[in-house]
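To start, the structure under review is shown below, and the notes come after it.
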Amino acid sequence: RPSHPGQRRCKLSMTEHNERLLLEMEMNPALLQGSHREQWEAISDLDSFFKRVYNYFDERGLRCILAGRLISLGMLAFTIALSAYLAEAVNWDGLVNECVDESTCAGVKLLRDDSFRSPSPFLVLFLLVFSVYWLWMLLHFFWDLRALLEIRSFYRHKLNIDDSELLVVSWDTVVQRVVELQATARLCIVKDQLTAHDIANRILRKENFMVALVNQKLLPIEPLPGLRLSVMTKTLEWALEVCLLDAMFDGSGFRIRPSFTQDVRGLQRRLFACGALTLLLSPFIAAFMLLFFFLKHAEEFHRRPAASAFSRDYSLHARWCMREFNELPHLFEARVLASAADASAYVRQFPTPLLTLVARFVTFIVGSLAAVLIG
């Protein structure tokens, strides 16, 4: 005898309820134990999350992060404004050609009367490029505020670490508390336990690939074959990160796209576009970096020319060669700083007279300009 339609609907709803309950038990084993001790707070992108956790620790809390970024915005704005002022407002023609002695210099105007009335096209493009960059940095500053507040809440309420404690707390302590948190609030659903190695591997996933590429000598950083001269710069490092590492992973951030190893045309297009963009912007970047370098080290050139910015330091290529897998930046910088004195003593055993003379000449010229402007 067929059952009543209402009974069939009741049985169907009971079946759906049981299936849903079994699914919840499968996702949360605490339900099987009759306890609600565990709280599932799984994070979809652990790589990005642990990077933000580490950056928050490395920059020592919200106040230091905000202050550092506001100071960077102020320094960039000041450099842009000073560049425009020096290029258009200062009467360079009178100072160079008419200023011969003290009497003639007294009659030369320091500022031009027609300043900024007809600026050069280079200056207009310079101001346009770096004004857009400054606005992008400002938008990025406000865009990151929410994520920073979330990380501060994570430190304060989950790890029980306040911003003031970050000045003295070590990274090992932070990792230990994250590992303990995994046992109660499941951050990762793939593994039951997290280790310091797992966290470091997720933070430095892309950096590990860069270390491997440099160690295996797979990067074209020598301009001519056989010439032992590395041209690895911050610009090239940025280009490799954008064209290679960012395009290597899928939307999850930790899985390599299956088509990446076979999409040679796509890699060529990205490298060509990045090279063309760098070539177009290189005059403006060179002018900006020259002025910024001079402003940053002018006082140092004036007071201590021997210990100026031309003193020896590890090149960017040498830093990547020395970098270990899963070595966090603050640990690497501490190791580099500890080895600097011994490395300089070793290099002094193999003098290069020609390079020393050129460095002295450049230091003398730049120090003289700094002494004139500052004095």
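Labels for the structure tokens follow display order: chains A, B, ..., residues from 1 in each chain, ligands from 1.
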Determine, counting only C-alpha atoms, which protein, DNA and RNA residues have an atom within 12 Å of an atom of A:Leu82; residues of the same chain fewer than 4 positions away are not included. Present the result as a PDB file with N, CA and C atoms, in the first residue's frame.
```pdb
ATOM      1  N   GLY A  74      55.236  61.027   3.115  1.00  0.00           N
ATOM      2  CA  GLY A  74      55.766  62.376   3.261  1.00  0.00           C
ATOM      3  C   GLY A  74      57.107  62.562   2.572  1.00  0.00           C
ATOM      4  N   MET A  75      57.993  61.563   2.686  1.00  0.00           N
ATOM      5  CA  MET A  75      59.295  61.646   2.022  1.00  0.00           C
ATOM      6  C   MET A  75      59.140  61.668   0.509  1.00  0.00           C
ATOM      7  N   LEU A  76      58.241  60.856  -0.020  1.00  0.00           N
ATOM      8  CA  LEU A  76      58.023  60.839  -1.458  1.00  0.00           C
ATOM      9  C   LEU A  76      57.446  62.166  -1.940  1.00  0.00           C
ATOM     10  N   ALA A  77      56.469  62.708  -1.211  1.00  0.00           N
ATOM     11  CA  ALA A  77      55.889  63.992  -1.592  1.00  0.00           C
ATOM     12  C   ALA A  77      56.932  65.108  -1.527  1.00  0.00           C
ATOM     13  N   PHE A  78      57.775  65.097  -0.492  1.00  0.00           N
ATOM     14  CA  PHE A  78      58.812  66.118  -0.366  1.00  0.00           C
ATOM     15  C   PHE A  78      59.818  66.016  -1.508  1.00  0.00           C
ATOM     16  N   LEU A  86      63.674  72.608  -7.625  1.00  0.00           N
ATOM     17  CA  LEU A  86      65.042  72.755  -8.106  1.00  0.00           C
ATOM     18  C   LEU A  86      65.104  72.876  -9.626  1.00  0.00           C
ATOM     19  N   ALA A  87      64.191  72.190 -10.322  1.00  0.00           N
ATOM     20  CA  ALA A  87      64.224  72.204 -11.783  1.00  0.00           C
ATOM     21  C   ALA A  87      63.668  73.492 -12.370  1.00  0.00           C
ATOM     22  N   GLU A  88      62.671  74.111 -11.728  1.00  0.00           N
ATOM     23  CA  GLU A  88      61.988  75.253 -12.335  1.00  0.00           C
ATOM     24  C   GLU A  88      62.172  76.565 -11.589  1.00  0.00           C
ATOM     25  N   ALA A  89      62.271  76.511 -10.274  1.00  0.00           N
ATOM     26  CA  ALA A  89      62.294  77.770  -9.513  1.00  0.00           C
ATOM     27  C   ALA A  89      63.693  78.356  -9.356  1.00  0.00           C
ATOM     28  N   VAL A  90      64.728  77.538  -9.242  1.00  0.00           N
ATOM     29  CA  VAL A  90      66.088  78.027  -9.016  1.00  0.00           C
ATOM     30  C   VAL A  90      66.663  78.596 -10.312  1.00  0.00           C
ATOM     31  N   LEU A 123      59.771  67.590 -17.133  1.00  0.00           N
ATOM     32  CA  LEU A 123      59.316  67.835 -15.768  1.00  0.00           C
ATOM     33  C   LEU A 123      57.835  67.529 -15.626  1.00  0.00           C
ATOM     34  N   LEU A 127      56.522  64.786 -12.997  1.00  0.00           N
ATOM     35  CA  LEU A 127      55.544  65.050 -11.942  1.00  0.00           C
ATOM     36  C   LEU A 127      54.302  64.181 -12.110  1.00  0.00           C
ATOM     37  N   PHE A 288      64.839  60.559 -10.321  1.00  0.00           N
ATOM     38  CA  PHE A 288      64.299  60.535  -8.967  1.00  0.00           C
ATOM     39  C   PHE A 288      65.257  59.849  -8.007  1.00  0.00           C
ATOM     40  N   LEU A 291      68.367  62.024  -7.157  1.00  0.00           N
ATOM     41  CA  LEU A 291      68.063  63.070  -6.184  1.00  0.00           C
ATOM     42  C   LEU A 291      67.804  62.475  -4.803  1.00  0.00           C
ATOM     43  N   PHE A 292      67.066  61.384  -4.743  1.00  0.00           N
ATOM     44  CA  PHE A 292      66.771  60.759  -3.458  1.00  0.00           C
ATOM     45  C   PHE A 292      68.041  60.227  -2.809  1.00  0.00           C
ATOM     46  N   LEU A 295      69.909  63.245  -1.393  1.00  0.00           N
ATOM     47  CA  LEU A 295      69.277  63.771  -0.187  1.00  0.00           C
ATOM     48  C   LEU A 295      69.471  62.841   1.006  1.00  0.00           C
TER      49      LEU A 295
END
```
Using only C-alpha atoms, which of the listed residues (A:Glu207, A:Phe260, A:Asn55, A:Val108) sits closest to A:Ala147?
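Nearest candidate to A:Ala147 out of A:Glu207, A:Phe260, A:Asn55, A:Val108: A:Asn55.
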Point-to-point distance from atom CA of A:Asn91 to atom CA of A:Leu290, Å rounded to tenths
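Distance reported for this atom pair: 20.5 Å.
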Report, in Å to a single decimal, how far apart atom CA of A:Asn215 and atom CA of A:Arg319 are.
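Taking atom CA of A:Arg319 and atom CA of A:Asn215, their separation equals 11.1 Å.
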Selection: 12 Å around A:Ala287, only C-alpha atoms, excl. self and same-chain fewer than 5 positions, as a ChimeraX atom specification
/A:79-80,83-84,87,122-123,126-127,130,281-282,292-294
Those in stretch 176-332 of chain A with strand (DSSP E or B) from DSSP, as a ChimeraX atom specification:
/A:185-186,249,256
Got time to write the residues from that selection, C-alpha atoms, as an mmCIF file, in the first residue's frame?
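Output saved as again16.cif:
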```cif
data_model
loop_
_atom_site.group_PDB
_atom_site.id
_atom_site.type_symbol
_atom_site.label_atom_id
_atom_site.label_comp_id
_atom_site.auth_asym_id
_atom_site.auth_seq_id
_atom_site.Cartn_x
_atom_site.Cartn_y
_atom_site.Cartn_z
ATOM 1 C CA ALA A 185 40.801 27.186 16.676
ATOM 2 C CA ARG A 186 41.592 25.298 13.497
ATOM 3 C CA PHE A 249 50.648 30.351 -8.849
ATOM 4 C CA ILE A 256 51.383 26.114 -9.450
#
```
I need the residue nearest A:Ser170 from this list: A:Met210, A:Ala343, A:Leu331, A:Leu280. Use only C-alpha atoms for the distance.
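So, comparing all the options, the nearest one is A:Leu331.
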DSSP on the backbone: what in stretch 182-234 of chain A comes out alpha helix (DSSP H), as number ranges by chain?
A: 182, 196-203, 205-215, 234
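Nearest residue to A:Arg60 among A:Leu354, A:Leu166, A:Val211, A:Val132 is A:Leu166, counting only C-alpha atoms.
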When you count only C-alpha atoms, which of these residues is closest to A:Ser153: A:Val169, A:Leu62, A:Val362, A:Val100?
A:Leu62
In terms of only C-alpha atoms, the residue from A:Ala345, A:Thr235, A:Glu59, A:Glu324 at minimal distance from A:Ala286 is A:Thr235
Counting only C-alpha atoms, which of A:Ala273, A:Arg360, A:Asp58, A:Arg146 gets nearest to A:Trp171?
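Of A:Ala273, A:Arg360, A:Asp58, A:Arg146, the one nearest A:Trp171, counting only C-alpha atoms, is A:Asp58.
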